[in-house]
>>> print(open('work05.tsv').read())   # TSV, C-alpha atoms and all ligand atoms
chain	number	residue	atom	x	y	z
A	25	MET	CA	-113.43	-130.90	4.02
A	26	SER	CA	-116.17	-131.32	6.65
A	27	THR	CA	-119.16	-128.98	6.27
A	28	PHE	CA	-118.36	-127.75	9.74
A	29	ALA	CA	-114.78	-126.74	8.82
A	30	SER	CA	-115.72	-125.11	5.51
A	31	ALA	CA	-118.55	-123.13	7.12
A	32	LEU	CA	-116.18	-121.88	9.83
A	33	ILE	CA	-113.45	-120.88	7.39
A	34	ALA	CA	-115.92	-119.00	5.18
A	35	TRP	CA	-117.39	-117.26	8.23
A	36	HIS	CA	-114.00	-116.24	9.52
A	37	ARG	CA	-113.16	-114.45	6.30
A	38	ARG	CA	-116.02	-112.05	6.95
A	39	HIS	CA	-116.60	-112.07	10.69
A	40	GLY	CA	-113.53	-113.39	12.51
A	41	ARG	CA	-111.50	-111.29	14.92
A	42	ARG	CA	-108.71	-109.56	13.08
A	43	GLY	CA	-105.94	-107.17	13.82
A	44	LEU	CA	-104.95	-108.78	17.14
A	45	PRO	CA	-101.28	-108.06	17.76
A	46	TRP	CA	-100.22	-111.73	17.62
A	47	GLN	CA	-102.08	-112.56	14.43
A	48	ALA	CA	-99.68	-111.10	11.92
A	49	THR	CA	-96.80	-113.40	12.78
A	50	ARG	CA	-95.69	-117.00	12.57
A	51	ASP	CA	-92.81	-116.38	14.94
A	52	PRO	CA	-93.17	-119.32	17.37
A	53	TYR	CA	-91.99	-117.18	20.30
A	54	ARG	CA	-94.76	-114.64	19.79
A	55	VAL	CA	-97.39	-117.27	19.07
A	56	TRP	CA	-96.40	-119.22	22.18
A	57	LEU	CA	-96.39	-116.10	24.37
A	58	SER	CA	-99.87	-115.08	23.19
A	59	GLU	CA	-101.34	-118.57	23.61
A	60	VAL	CA	-100.00	-118.89	27.15
A	61	MET	CA	-101.31	-115.43	28.08
A	62	LEU	CA	-104.70	-116.21	26.56
A	63	GLN	CA	-105.22	-119.29	28.75
A	64	GLN	CA	-108.18	-118.43	31.00
A	65	THR	CA	-107.80	-114.75	30.15
A	66	GLN	CA	-109.76	-112.51	27.79
A	67	VAL	CA	-108.23	-111.02	24.67
A	68	SER	CA	-108.80	-107.43	25.83
A	69	ALA	CA	-106.93	-108.08	29.10
A	70	VAL	CA	-104.05	-109.80	27.31
A	71	ILE	CA	-103.25	-107.16	24.65
A	72	PRO	CA	-101.46	-104.59	26.90
A	73	TYR	CA	-99.53	-107.34	28.73
A	74	TYR	CA	-98.48	-108.96	25.49
A	75	GLU	CA	-97.21	-105.67	24.07
A	76	ARG	CA	-95.37	-104.69	27.23
A	77	PHE	CA	-93.82	-108.14	27.49
A	78	LEU	CA	-92.54	-108.01	23.92
A	79	ARG	CA	-91.05	-104.58	24.37
A	80	ARG	CA	-89.09	-105.85	27.34
A	81	PHE	CA	-88.38	-109.38	26.03
A	82	PRO	CA	-88.42	-109.18	22.22
A	83	ASP	CA	-87.16	-112.75	21.78
A	84	VAL	CA	-86.80	-115.99	23.67
A	85	TRP	CA	-83.16	-115.30	24.56
A	86	SER	CA	-83.92	-112.04	26.32
A	87	LEU	CA	-86.69	-113.81	28.26
A	88	ALA	CA	-84.42	-116.74	29.12
A	89	SER	CA	-81.68	-114.49	30.47
A	90	ALA	CA	-84.04	-112.36	32.60
A	91	SER	CA	-84.48	-113.05	36.30
A	92	GLU	CA	-87.67	-114.79	37.39
A	93	GLU	CA	-88.50	-111.73	39.40
A	94	ASP	CA	-88.38	-109.45	36.35
A	95	VAL	CA	-90.65	-111.82	34.47
A	96	LEU	CA	-93.15	-112.05	37.33
A	97	GLU	CA	-93.12	-108.30	37.76
A	98	LEU	CA	-94.33	-107.90	34.18
A	99	TRP	CA	-96.82	-110.72	34.69
A	100	ALA	CA	-98.29	-109.29	37.90
A	101	GLY	CA	-101.99	-108.57	37.48
A	102	LEU	CA	-102.55	-111.11	34.70
A	103	GLY	CA	-103.21	-113.82	37.28
A	104	TYR	CA	-102.34	-117.52	37.38
A	105	TYR	CA	-98.70	-116.77	38.14
A	106	ALA	CA	-97.62	-120.34	37.55
A	107	ARG	CA	-97.99	-119.44	33.87
A	108	GLY	CA	-95.34	-116.73	34.23
A	109	ARG	CA	-92.96	-119.07	36.04
A	110	ASN	CA	-93.52	-121.84	33.50
A	111	LEU	CA	-93.03	-119.43	30.63
A	112	HIS	CA	-89.67	-118.43	32.05
A	113	ALA	CA	-88.61	-122.04	32.62
A	114	ALA	CA	-89.71	-122.97	29.08
A	115	ALA	CA	-87.78	-120.02	27.62
A	116	ARG	CA	-84.60	-121.39	29.19
A	117	ILE	CA	-85.22	-124.78	27.59
A	118	ILE	CA	-85.97	-123.25	24.18
A	119	ALA	CA	-82.94	-120.93	24.33
A	120	GLY	CA	-80.76	-124.03	24.75
A	121	LYS	CA	-82.42	-126.47	22.34
A	122	GLY	CA	-84.39	-124.34	19.87
A	123	PHE	CA	-88.13	-124.08	19.52
A	124	PRO	CA	-89.85	-127.49	19.24
A	125	SER	CA	-91.72	-127.67	15.95
A	126	THR	CA	-94.44	-130.29	16.47
A	127	ALA	CA	-97.50	-130.18	18.72
A	128	ALA	CA	-96.30	-133.30	20.56
A	129	ALA	CA	-92.89	-131.74	21.30
A	130	ILE	CA	-94.36	-128.36	22.21
A	131	ALA	CA	-96.65	-130.10	24.72
A	132	GLU	CA	-93.50	-131.18	26.60
A	133	LEU	CA	-92.71	-127.56	27.54
A	134	PRO	CA	-93.62	-126.50	31.07
A	135	GLY	CA	-97.07	-124.90	31.23
A	136	VAL	CA	-98.20	-126.03	27.78
A	137	GLY	CA	-101.06	-128.52	27.60
A	138	ARG	CA	-102.28	-130.50	24.61
A	139	SER	CA	-104.68	-127.85	23.31
A	140	THR	CA	-102.28	-124.92	23.69
A	141	ALA	CA	-99.52	-126.94	22.01
A	142	ALA	CA	-101.84	-127.70	19.09
A	143	ALA	CA	-102.76	-124.02	18.70
A	144	ILE	CA	-99.07	-123.00	18.68
A	145	ALA	CA	-98.20	-125.74	16.17
A	146	ALA	CA	-101.10	-124.73	13.92
A	147	PHE	CA	-100.35	-120.99	13.99
A	148	ALA	CA	-96.56	-121.17	13.87
A	149	PHE	CA	-95.96	-124.28	11.75
A	150	GLY	CA	-99.27	-125.00	10.00
A	151	GLU	CA	-99.56	-128.42	11.65
A	152	ARG	CA	-102.98	-130.13	11.48
A	153	ALA	CA	-103.46	-130.43	15.21
A	154	ALA	CA	-106.78	-130.25	17.07
A	155	ILE	CA	-107.44	-127.73	19.82
A	156	LEU	CA	-109.93	-128.31	22.62
A	157	ASP	CA	-110.08	-125.49	25.15
A	158	GLY	CA	-113.16	-124.61	27.17
A	159	ASN	CA	-114.74	-122.55	24.37
A	160	VAL	CA	-114.18	-125.25	21.76
A	161	LYS	CA	-115.59	-127.93	24.05
A	162	ARG	CA	-118.77	-125.89	24.34
A	163	VAL	CA	-119.11	-125.36	20.57
A	164	LEU	CA	-118.56	-129.03	19.75
A	165	SER	CA	-120.75	-130.40	22.48
A	166	ARG	CA	-123.61	-128.16	21.35
A	167	CYS	CA	-123.18	-128.52	17.62
A	168	PHE	CA	-122.81	-132.32	17.73
A	169	ALA	CA	-124.71	-132.98	20.95
A	170	ALA	CA	-121.50	-134.65	22.13
A	171	ASP	CA	-121.62	-134.93	25.83
A	172	GLY	CA	-119.73	-138.11	26.42
A	173	GLY	CA	-116.65	-136.45	27.93
A	174	GLU	CA	-113.14	-135.46	26.94
A	175	LYS	CA	-112.21	-138.53	24.91
A	176	GLU	CA	-115.22	-138.23	22.63
A	177	LEU	CA	-114.61	-134.51	22.16
A	178	TRP	CA	-110.94	-134.99	21.27
A	179	GLN	CA	-111.86	-137.61	18.68
A	180	LEU	CA	-114.49	-135.33	17.24
A	181	ALA	CA	-112.11	-132.34	17.18
A	182	GLU	CA	-109.59	-134.45	15.25
A	183	ARG	CA	-112.15	-135.76	12.77
A	184	LEU	CA	-113.29	-132.26	11.92
A	185	LEU	CA	-109.83	-130.89	11.02
A	186	PRO	CA	-109.62	-129.56	7.47
A	187	ARG	CA	-106.82	-130.72	5.14
A	188	ARG	CA	-105.98	-127.12	4.29
A	189	GLY	CA	-106.37	-123.79	6.05
A	190	ILE	CA	-105.62	-125.07	9.54
A	191	GLU	CA	-104.60	-121.62	10.82
A	192	ILE	CA	-107.86	-119.95	9.76
A	193	TYR	CA	-109.92	-122.89	10.92
A	194	THR	CA	-108.27	-122.89	14.36
A	195	GLN	CA	-108.72	-119.15	14.73
A	196	ALA	CA	-112.32	-119.40	13.53
A	197	LEU	CA	-113.14	-122.09	16.08
A	198	MET	CA	-111.67	-119.98	18.86
A	199	ASP	CA	-113.53	-116.88	17.67
A	200	LEU	CA	-116.83	-118.69	17.33
A	201	GLY	CA	-116.63	-119.90	20.92
A	202	ALA	CA	-115.55	-116.52	22.25
A	203	THR	CA	-117.94	-114.28	20.32
A	204	VAL	CA	-120.98	-116.25	19.05
A	205	CYS	CA	-121.45	-119.58	20.83
A	206	THR	CA	-120.91	-118.03	24.24
A	207	ARG	CA	-121.77	-119.75	27.47
A	208	ARG	CA	-124.70	-117.63	28.61
A	209	SER	CA	-126.16	-116.01	25.50
A	210	PRO	CA	-125.23	-117.79	22.28
A	211	GLN	CA	-126.27	-115.89	19.17
A	212	CYS	CA	-127.42	-118.81	17.08
A	213	ASN	CA	-128.92	-116.63	14.37
A	214	ARG	CA	-125.43	-115.28	13.60
A	215	CYS	CA	-123.78	-118.69	13.72
A	216	PRO	CA	-122.25	-120.21	10.57
A	217	VAL	CA	-123.12	-123.77	11.63
A	218	GLN	CA	-126.66	-123.11	12.81
A	219	LYS	CA	-128.25	-125.29	10.09
A	220	ASN	CA	-126.45	-128.40	11.30
A	221	CYS	CA	-126.30	-127.64	15.00
A	222	ILE	CA	-128.04	-130.45	16.88
A	223	ALA	CA	-128.48	-128.47	20.08
A	224	ARG	CA	-130.27	-125.77	18.11
A	225	LYS	CA	-132.45	-128.21	16.19
A	226	GLN	CA	-133.43	-130.06	19.34
A	227	ASP	CA	-133.81	-126.89	21.41
A	228	ARG	CA	-131.11	-128.03	23.82
A	229	VAL	CA	-128.71	-125.08	23.57
A	230	ALA	CA	-129.28	-124.06	27.17
A	231	GLU	CA	-128.63	-127.54	28.54
A	232	LEU	CA	-125.43	-128.33	26.60
A	233	PRO	CA	-122.73	-128.83	27.60
A	234	THR	CA	-124.08	-130.50	30.73
A	235	PRO	CA	-122.51	-128.60	33.61
A	236	ARG	CA	-120.29	-130.63	35.86
A	237	PRO	CA	-121.62	-130.58	39.39
A	238	ARG	CA	-119.68	-127.91	41.21
A	239	LYS	CA	-118.84	-128.08	44.83
A	240	PRO	CA	-118.64	-124.75	46.64
A	241	LEU	CA	-115.04	-123.59	46.75
A	242	PRO	CA	-113.29	-124.19	50.06
A	243	GLN	CA	-112.09	-121.16	51.98
A	244	LYS	CA	-108.69	-120.58	53.47
A	245	ARG	CA	-107.99	-117.91	56.02
A	246	VAL	CA	-104.74	-116.12	56.55
A	247	THR	CA	-103.55	-113.20	58.65
A	248	TRP	CA	-101.00	-110.85	57.10
A	249	LEU	CA	-98.61	-108.75	59.08
A	250	VAL	CA	-98.42	-105.33	57.54
A	251	LEU	CA	-95.31	-104.15	59.35
A	252	ARG	CA	-94.77	-100.45	58.91
A	253	ARG	CA	-91.87	-98.36	60.04
A	254	GLY	CA	-92.00	-94.75	58.98
A	255	GLY	CA	-92.75	-94.81	55.28
A	256	GLU	CA	-91.48	-98.40	54.81
A	257	VAL	CA	-93.17	-101.80	54.85
A	258	LEU	CA	-91.70	-105.27	55.22
A	259	LEU	CA	-92.27	-107.65	52.31
A	260	GLU	CA	-91.33	-111.30	52.05
A	261	LYS	CA	-90.68	-113.37	48.96
A	262	ARG	CA	-93.16	-116.24	48.71
A	263	PRO	CA	-91.68	-119.69	48.29
A	264	ALA	CA	-92.11	-121.51	44.97
A	265	PRO	CA	-93.93	-123.75	44.31
A	266	GLY	CA	-97.03	-122.50	46.07
A	267	ILE	CA	-99.51	-119.69	45.54
A	268	TRP	CA	-97.81	-116.55	44.29
A	269	GLY	CA	-94.44	-118.34	44.39
A	270	GLY	CA	-91.63	-115.85	43.70
A	271	LEU	CA	-93.83	-112.78	44.28
A	272	TRP	CA	-93.46	-110.36	47.18
A	273	SER	CA	-96.12	-110.43	49.87
A	274	PHE	CA	-96.67	-109.49	53.51
A	275	PRO	CA	-95.40	-112.03	56.04
A	276	GLU	CA	-98.06	-114.41	57.34
A	277	ALA	CA	-98.83	-114.30	61.04
A	278	PRO	CA	-98.33	-117.46	63.09
A	279	ALA	CA	-101.35	-118.82	64.98
A	280	LYS	CA	-99.81	-117.96	68.36
A	281	HIS	CA	-97.13	-115.80	70.01
A	282	LEU	CA	-97.34	-113.06	67.45
A	283	GLU	CA	-95.19	-110.53	69.26
A	284	SER	CA	-92.37	-112.92	70.01
A	285	TYR	CA	-92.46	-114.16	66.40
A	286	CYS	CA	-92.10	-110.59	65.18
A	287	ARG	CA	-89.23	-110.00	67.57
A	288	SER	CA	-87.30	-113.23	67.10
A	289	THR	CA	-87.96	-114.07	63.44
A	290	LEU	CA	-88.65	-110.72	61.83
A	291	GLY	CA	-86.52	-108.62	64.16
A	292	CYS	CA	-89.33	-106.15	64.77
A	293	GLU	CA	-90.44	-104.60	68.04
A	294	LEU	CA	-94.17	-103.89	67.76
A	295	GLN	CA	-95.46	-100.56	69.01
A	296	SER	CA	-99.10	-100.89	68.11
A	297	MET	CA	-101.43	-103.16	66.19
A	298	LYS	CA	-104.66	-102.47	64.35
A	299	GLU	CA	-106.89	-104.73	62.27
A	300	LEU	CA	-107.57	-103.43	58.75
A	301	GLU	CA	-110.55	-104.20	56.54
A	302	ALA	CA	-110.40	-107.79	55.31
A	303	LEU	CA	-109.75	-108.74	51.68
A	304	GLU	CA	-110.90	-111.68	49.61
A	305	HIS	CA	-109.14	-113.24	46.66
A	306	GLY	CA	-110.44	-116.01	44.42
A	307	PHE	CA	-108.25	-118.80	43.07
A	308	THR	CA	-109.53	-121.58	40.82
A	309	HIS	CA	-109.65	-124.08	43.69
A	310	PHE	CA	-110.30	-121.99	46.78
A	311	ARG	CA	-111.07	-118.56	48.15
A	312	LEU	CA	-108.53	-116.81	50.31
A	313	LEU	CA	-109.80	-114.59	53.11
A	314	ILE	CA	-107.11	-112.19	54.21
A	315	ARG	CA	-107.14	-110.44	57.55
A	316	PRO	CA	-104.48	-107.71	57.52
A	317	LEU	CA	-102.96	-106.50	60.78
A	318	LEU	CA	-101.28	-103.14	60.56
A	319	CYS	CA	-98.37	-103.18	62.99
A	320	GLU	CA	-96.31	-100.09	63.67
A	321	VAL	CA	-92.70	-101.09	64.30
A	322	ALA	CA	-90.34	-99.32	66.67
A	323	GLY	CA	-87.07	-100.48	65.22
A	324	LYS	CA	-85.75	-103.11	62.89
A	325	ALA	CA	-82.90	-105.48	63.30
A	326	GLN	CA	-80.64	-106.67	60.49
A	327	ARG	CA	-82.16	-110.15	60.42
A	328	ALA	CA	-85.48	-108.78	59.16
A	329	GLU	CA	-83.76	-108.31	55.81
A	330	SER	CA	-82.39	-111.81	55.59
A	331	ALA	CA	-84.00	-114.83	53.91
A	332	GLY	CA	-85.93	-113.06	51.19
A	333	ARG	CA	-87.28	-110.19	53.28
A	334	LEU	CA	-87.01	-106.54	52.41
A	335	TRP	CA	-87.98	-103.21	53.89
A	336	LEU	CA	-89.28	-101.15	51.04
A	337	ASP	CA	-90.41	-97.62	50.74
A	338	LEU	CA	-94.20	-97.62	50.16
A	339	ALA	CA	-93.79	-95.92	46.78
A	340	ASP	CA	-91.07	-98.37	45.62
A	341	ALA	CA	-92.97	-101.39	46.91
A	342	ALA	CA	-95.84	-100.66	44.52
A	343	GLY	CA	-93.48	-101.32	41.59
A	344	ALA	CA	-92.37	-104.79	42.78
A	345	ALA	CA	-93.80	-108.13	41.55
A	346	LEU	CA	-96.86	-108.23	43.78
A	347	PRO	CA	-100.04	-110.31	43.96
A	348	THR	CA	-103.20	-108.24	43.45
A	349	PRO	CA	-104.35	-108.15	47.12
A	350	VAL	CA	-100.89	-106.92	48.23
A	351	LYS	CA	-101.13	-104.15	45.64
A	352	LYS	CA	-104.59	-103.24	46.94
A	353	LEU	CA	-103.38	-103.07	50.51
A	354	LEU	CA	-100.39	-100.93	49.61
A	355	GLY	CA	-102.76	-98.64	47.73
A	356	ARG	CA	-104.86	-98.27	50.87
A	357	LEU	CA	-101.79	-97.51	52.99
A	358	SER	CA	-100.54	-94.80	50.66
A	359	ALA	CA	-103.98	-93.24	50.14
B	1	LIG	FE1	-123.63	-122.58	19.29
B	1	LIG	FE2	-126.03	-121.76	18.49
B	1	LIG	FE3	-124.05	-122.06	16.73
B	1	LIG	FE4	-125.20	-124.17	17.81
B	1	LIG	S1	-126.16	-122.68	16.48
B	1	LIG	S2	-123.01	-123.85	17.56
B	1	LIG	S3	-125.59	-123.44	19.87
B	1	LIG	S4	-124.16	-120.59	18.42
>>> encode(input="work05.tsv", output="C-alpha cells")
Amino acid sequence: MSTFASALIAWHRRHGRRGLPWQATRDPYRVWLSEVMLQQTQVSAVIPYYERFLRRFPDVWSLASASEEDVLELWAGLGYYARGRNLHAAARIIAGKGFPSTAAAIAELPGVGRSTAAAIAAFAFGERAAILDGNVKRVLSRCFAADGGEKELWQLAERLLPRRGIEIYTQALMDLGATVCTRRSPQCNRCPVQKNCIARKQDRVAELPTPRPRKPLPQKRVTWLVLRRGGEVLLEKRPAPGIWGGLWSFPEAPAKHLESYCRSTLGCELQSMKELEALEHGFTHFRLLIRPLLCEVAGKAQRAESAGRLWLDLADAAGAALPTPVKKLLGRLSA
C-alpha cells in the first residue's frame, strides 16, 4: 500500500469524521443521495435535507414515483436545482433497471460525474475507484506538487489507491481535504502526510494548487412582476431546462409595454406599481440582479391561471418549491 494511503487510513481511525447519517449504510440509494447532496455543499447544510428527504422518500421507488415538483420542494434551499431534477430522473431509471453496481455504470446516471460515481461505488460496493473532487485535487496537488492539470491528477489518484480498505481511504481523503488541508488555512501540523508533503517541504503550500485565472462573473438583470391581489400573489412555473427549471417564481417583466403585457398575457389590470428593494443572487457562472416591481391588481381573468401560472395565498405560496430570492421576497411581503 502507498505510504500516502496507509497514513490516511491510520489517521482516519483516530481523527476522521464519524457519525454522519449516511456513513452507517451500504445501501446504494442512501449513498447516492448523500453524495449528490454533498456536491458543492457542506456537510452541516446537507444533514437536515438528507434526513428530511429520506423520511419522505425512504427508497428509490418512492422517489421515482413522486412528482418533480414534490422533489424540488424538498430540495429548495439546497441550491443547484439541476441536482434535484437529475436525482429524480436517475431514480426513474434505477427503479426500472436496478441500481448500477460499477463506477463506470453509475457515471451514466444523470447528474453523476466520474468522481461522484467512484465515491458511490467505493462506499456502496467496495470498488477500487479513484475520487477527484475539488478538495481531493487540492490535497494531491499540494502533497505531490502536481500541478499539471486534471489528467495528471487522475493518474495520481488512481496510483495511490490502496488494495484494501477503499471505503476508509476514500472517506479519509475527503475528510482530510475538508478539515485539515483546507483552501485558506491548512493545518499542516495536524496532517498525517506532512512528512512527505512536497508543498510543505518546499514552503509552497500557499501557492498550490495554482489558482486558475478567474474572470469576474457576468451580471444578468431581470425585472420581476410581483402581482398582488388582496392576500394573493401570482407565481409562474419556470421552464426546464433553465435556471430554477420546475420551480415557482414571479413572472418576468417584458422590456416594453408592461401594462398591456399584464392585461393580455397575465389577465391582470394594474392599479398601481411600486419598485421594491433590489435583490442579488449568485450562480456559479453569473450574478442575477433582480428588480422587483410590486403591482397591485384590480381583477384577474381566468387566463392568468393557465400555462403554469397560479394565484396563491401568501401563506401557502411560502410552502411551494421556490428559489431562495422568491422566498425572500415573499417573506418581505408578509412581514
Ligand atoms: Fe495539505 Fe499541509 Fe498536509 Fe501538505 S502537509 S497535505 S499542505 S495539510
>>> residues_near_point(input="work05.tsv", point="(-106.0, -112.4, 12.8)", cutoff="12 Å", atoms="only C-alpha atoms", output="ChimeraX atom specification")
/A:36-50,55,147,191-196,198-199
>>> axis_aligned_box(input="work05.tsv", around="stretch 220-224 of chain A", padding_each_side="8 Å", output="AutoDock Vina command-line options")
--center_x -128.3 --center_y -128.1 --center_z 15.7 --size_x 20.0 --size_y 20.7 --size_z 24.8
>>> closest_residue(input="work05.tsv", among="A:Trp248, A:Trp99, A:Trp56, A:Phe77", to="A:Glu301", atoms="all atoms listed in the file")
A:Trp248
>>> closest_residue(input="work05.tsv", among="A:Ala34, A:Leu200, A:Ile117, A:Ile155", to="ligand LIG 1 (chain B)", atoms="all atoms listed in the file")
A:Leu200
>>> closest_residue(input="work05.tsv", among="A:Lys244, A:Arg287, A:Arg214, A:His281", to="ligand LIG 1 (chain B)", atoms="only C-alpha atoms and all ligand atoms")
A:Arg214
>>> closest_residue(input="work05.tsv", among="A:Glu260, A:Glu97, A:Asp227, A:Glu92", to="ligand LIG 1 (chain B)", atoms="all atoms listed in the file")
A:Asp227
>>> atom_distance(input="work05.tsv", atom1="atom CA of A:Pro210", atom2="atom FE3 of ligand LIG 1 (chain B)")
7.1 Å
>>> closest_residue(input="work05.tsv", among="A:Ala202, A:Met25, A:Ala154, A:Leu96", to="A:Gln66", atoms="all atoms listed in the file")
A:Ala202
>>> residues_near_ligand(input="work05.tsv", ligand="ligand LIG 1 (chain B)", cutoff="7 Å", atoms="all atoms listed in the file", output="compact mmCIF listing (two decimals) with C-alpha atoms, in the coordinates of the input")
# COMPACT_ATOMS: atom_id res chain seq x y z
CA VAL A 163 -119.11 -125.36 20.57
CA ARG A 166 -123.61 -128.16 21.35
CA CYS A 167 -123.18 -128.52 17.62
CA VAL A 204 -120.98 -116.25 19.05
CA CYS A 205 -121.45 -119.58 20.83
CA PRO A 210 -125.23 -117.79 22.28
CA GLN A 211 -126.27 -115.89 19.17
CA CYS A 212 -127.42 -118.81 17.08
CA ASN A 213 -128.92 -116.63 14.37
CA CYS A 215 -123.78 -118.69 13.72
CA PRO A 216 -122.25 -120.21 10.57
CA VAL A 217 -123.12 -123.77 11.63
CA GLN A 218 -126.66 -123.11 12.81
CA CYS A 221 -126.30 -127.64 15.00
CA ILE A 222 -128.04 -130.45 16.88
CA ALA A 223 -128.48 -128.47 20.08
CA ARG A 224 -130.27 -125.77 18.11
CA VAL A 229 -128.71 -125.08 23.57
>>> closest_residue(input="work05.tsv", among="A:Gly270, A:Gly103, A:Gly108, A:Pro278", to="A:Thr348", atoms="only C-alpha atoms")
A:Gly103
>>> atom_distance(input="work05.tsv", atom1="atom CA of A:Arg152", atom2="atom CA of A:Arg187")
7.4 Å
>>> residues_around(input="work05.tsv", residues="stretch 302-307 of chain A", least_positions_apart="2", cutoff="10 Å", atoms="only C-alpha atoms", output="list in words")
Gly103, Tyr104, Leu241, Gln243, Lys244, Arg245, Thr247, Ile267, Glu299, Leu300, His309, Phe310, Arg311, Leu312, Leu313, Ile314, Arg315, Pro316, Leu317, Pro347, Thr348, Pro349, Val350, Lys352 and Leu353 of chain A
>>> atom_distance(input="work05.tsv", atom1="atom CA of A:Leu111", atom2="atom CA of A:Met61")
9.5 Å
>>> closest_atom_pairs(input="work05.tsv", of="stretch 141-201 of chain A", to="stretch 123-131 of chain A", cutoff="10 Å", atoms="all atoms listed in the file", output="tab-separated table")
residue	atom	partner	partner_atom	distance
A:Ala141	CA	A:Ala127	CA	5.0
A:Ala142	CA	A:Ala127	CA	5.0
A:Ala143	CA	A:Ala127	CA	8.1
A:Ile144	CA	A:Ala127	CA	7.3
A:Ala145	CA	A:Ala127	CA	5.2
A:Ala146	CA	A:Ala127	CA	8.1
A:Ala148	CA	A:Ser125	CA	8.4
A:Phe149	CA	A:Ser125	CA	6.9
A:Gly150	CA	A:Thr126	CA	9.7
A:Glu151	CA	A:Thr126	CA	7.3
A:Arg152	CA	A:Ala127	CA	9.1
A:Ala153	CA	A:Ala127	CA	6.9
A:Ala154	CA	A:Ala127	CA	9.4
>>> residues_around(input="work05.tsv", residues="A:Trp272", least_positions_apart="4", cutoff="6 Å", atoms="all atoms listed in the file", output="PyMOL selection string")
chain A and resi 259-261+346
>>> residues_around(input="work05.tsv", residues="A:Arg80", least_positions_apart="2", cutoff="10 Å", atoms="only C-alpha atoms", output="VMD selection string")
chain A and resid 75 to 78 82 to 83 86 to 87 90 94 to 95 98
>>> write_last_selection(input="work05.tsv", atoms="C-alpha atoms", output="compact mmCIF listing (two decimals), in the frame of the given file")
# COMPACT_ATOMS: atom_id res chain seq x y z
CA GLU A 75 -97.21 -105.67 24.07
CA ARG A 76 -95.37 -104.69 27.23
CA PHE A 77 -93.82 -108.14 27.49
CA LEU A 78 -92.54 -108.01 23.92
CA PRO A 82 -88.42 -109.18 22.22
CA ASP A 83 -87.16 -112.75 21.78
CA SER A 86 -83.92 -112.04 26.32
CA LEU A 87 -86.69 -113.81 28.26
CA ALA A 90 -84.04 -112.36 32.60
CA ASP A 94 -88.38 -109.45 36.35
CA VAL A 95 -90.65 -111.82 34.47
CA LEU A 98 -94.33 -107.90 34.18
